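Undergrad: Okay, here's the structure, questions in a sec.
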Amino acid sequence: MEYLDRWNEEQRRVAADWRRKNQQLQQALAQISVRAGSRNGELSATVDAHGKVTDLRITPQALRLGEVQLRQALLETIQRAQSDAQHQAEAITRPYTEEPANAAAMTFIRDILGPAM
């Protein structure tokens with residue numbers, strides 16, 4: 001029984017550590033907010049860690065661009081903000097996902113669930 005007690009205690013410790021790291025990771029990701037401006041400063045877009053647009057700022061100059069140029073400026077600006085947010089999220093998650101135990105667990109989960117994970 002002593003062996004099982006030690007094993008159970010170790011599993012509780014590992015689970016608690018996993019929950020703590022996961023909570024820290026979620027908090028760090030929630031802090032990501034990236035604002036990117038257009039080349040000429042007519043507009044800016046802010047996105048979160050998931051690339052979701054959370055704010056758009058459009059100046060009167062932007063409104064004078066015309067439909068095609070405005071659309072292009074919006075798309076470029078949003079995509080630049082999303083790319084920056086993705087790089088920040090990857091940098092935050094890298095230590096967590098590259099930790100050998102976590103990497104092994106993620107590989108195991110992907111093997112079970114398939115590539116959609």
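Following the order of the structure tokens, chains are lettered A, B, ..., residues in each are numbered from 1, and ligands are numbered from 1.
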Enumerate as a ChimeraX atom specification all residues of region 8-97 of chain A assigned to helix (DSSP H, G or I) by DSSP on the backbone, naming them with the chain letters and numbers the document uses.
TA: /A:8-30,60-63,67-97
Undergrad: Write out as a ChimeraX atom specification which residues come within 10 Å of Ser38 (chain A) when counting only C-alpha atoms, dropping same-chain ones fewer than 4 positions away.
TA: /A:42-45,58,62,72-78,80
Undergrad: How would the residues just chosen look if you wrote them out with C-alpha atoms as a CSV table (one decimal), in the first residue's frame?
TA:
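Dumped everything to selection-v4.csv:
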```
chain,number,residue,atom,x,y,z
A,42,GLU,CA,-4.8,56.2,-41.3
A,43,LEU,CA,-6.0,53.4,-39.2
A,44,SER,CA,-5.0,50.9,-36.5
A,45,ALA,CA,-6.3,47.5,-35.4
A,58,ILE,CA,-10.2,54.8,-38.5
A,62,ALA,CA,-8.7,56.6,-44.0
A,72,GLN,CA,-6.4,46.7,-48.4
A,73,ALA,CA,-5.1,48.9,-45.6
A,74,LEU,CA,-7.5,47.3,-43.2
A,75,LEU,CA,-6.6,43.8,-44.2
A,76,GLU,CA,-2.8,44.5,-44.1
A,77,THR,CA,-3.1,46.1,-40.7
A,78,ILE,CA,-5.2,43.4,-39.2
A,80,ARG,CA,0.1,42.4,-39.2
```
Undergrad: Would you please work out which residue, of A:Ala91, A:Asp48, A:Asn102, A:Thr107, is nearest to Ala15 (chain A) when using only C-alpha atoms?
TA: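 Smallest distance to Ala15 (chain A) is found for A:Asn102.
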Undergrad: For a test of reading the model, state the distance in Å between CA of Gln61 (chain A) and CA of Gly41 (chain A), rounded to one decimal.
TA: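 Separation between CA of Gln61 (chain A) and CA of Gly41 (chain A): 8.8 Å.
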Undergrad: Wanna dump the region 48-95 of chain A-region 29-32 of chain A contacts at 8 Å for me, each residue with its shortest atom pair and the distance in Å to one decimal, counting only C-alpha atoms, ordered by chain and number, as a Markdown table?
TA:
```
| residue | atom | partner | partner_atom | distance |
| --- | --- | --- | --- | --- |
| A:Asp48 | CA | A:Ile32 | CA | 5.6 |
| A:Ala49 | CA | A:Ile32 | CA | 5.3 |
| A:Ala85 | CA | A:Ile32 | CA | 6.9 |
| A:Gln88 | CA | A:Ile32 | CA | 7.4 |
| A:Ala89 | CA | A:Leu29 | CA | 6.3 |
| A:Ile92 | CA | A:Leu29 | CA | 7.4 |
```
Undergrad: With C-alpha atoms retained, export the selected residues as a compact mmCIF listing (two decimals), in the first residue's frame.
TA:
```
# COMPACT_ATOMS: atom_id res chain seq x y z
CA ASP A 48 -5.96 39.54 -28.81
CA ALA A 49 -3.89 36.35 -28.47
CA ALA A 85 -0.02 38.43 -31.59
CA GLN A 88 3.84 36.66 -28.82
CA ALA A 89 1.55 33.72 -28.01
CA ILE A 92 4.73 32.58 -24.20
```
Undergrad: Can you list, as a list in words, all residues belonging to region 52-92 of chain A that DSSP tags as strand (DSSP E or B)?
TA: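 Answer for region 52-92 of chain A, restricted to strand (DSSP E or B): Val53, Thr54, Asp55, Leu56, Arg57 and Ile58 of chain A.
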Undergrad: When distances are computed from only C-alpha atoms, which of A:Arg110, A:Leu56, A:Glu99, A:Ala81 shows the smallest separation from Lys21 (chain A)?
TA: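 Looking only at the distances to Lys21 (chain A), the closest residue turns out to be A:Glu99.
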Undergrad: Report, in Å with one decimal, the straight-line distance from CA of Trp18 (chain A) to CA of Glu98 (chain A).
TA: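 These atoms are spaced 13.9 Å apart.
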Undergrad: Find, counting only C-alpha atoms, the residue in A:Leu4, A:Ala28, A:Val68, A:Ala104 that gets nearest to Glu90 (chain A).
TA: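 So, comparing all the options, the nearest one is A:Ala28.
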Undergrad: From the options A:Glu9, A:Glu2, A:Asp111, A:Asp84, which residue's atoms come nearest to Val34 (chain A), counting only C-alpha atoms?
TA: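 Among the listed residues, A:Asp84 lies closest to Val34 (chain A).
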Undergrad: By how many Å are CA of Gly51 (chain A) and CA of Ser83 (chain A) apart?
TA: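 Calculated distance between CA of Gly51 (chain A) and CA of Ser83 (chain A) is 8.0 Å.
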Undergrad: Would you mind telling me which residue in A:Ser33, A:Asn40, A:Asn22, A:Gln82 lies nearest to Leu70 (chain A) when using only C-alpha atoms?
TA: A:Asn40
Undergrad: Please determine, counting only C-alpha atoms, which residue among A:Ile112, A:Ala101, A:Val47, A:Leu63 has the shortest atom-to-atom distance to Asp17 (chain A).
TA: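 Under the stated criterion, the closest residue is A:Ala101.
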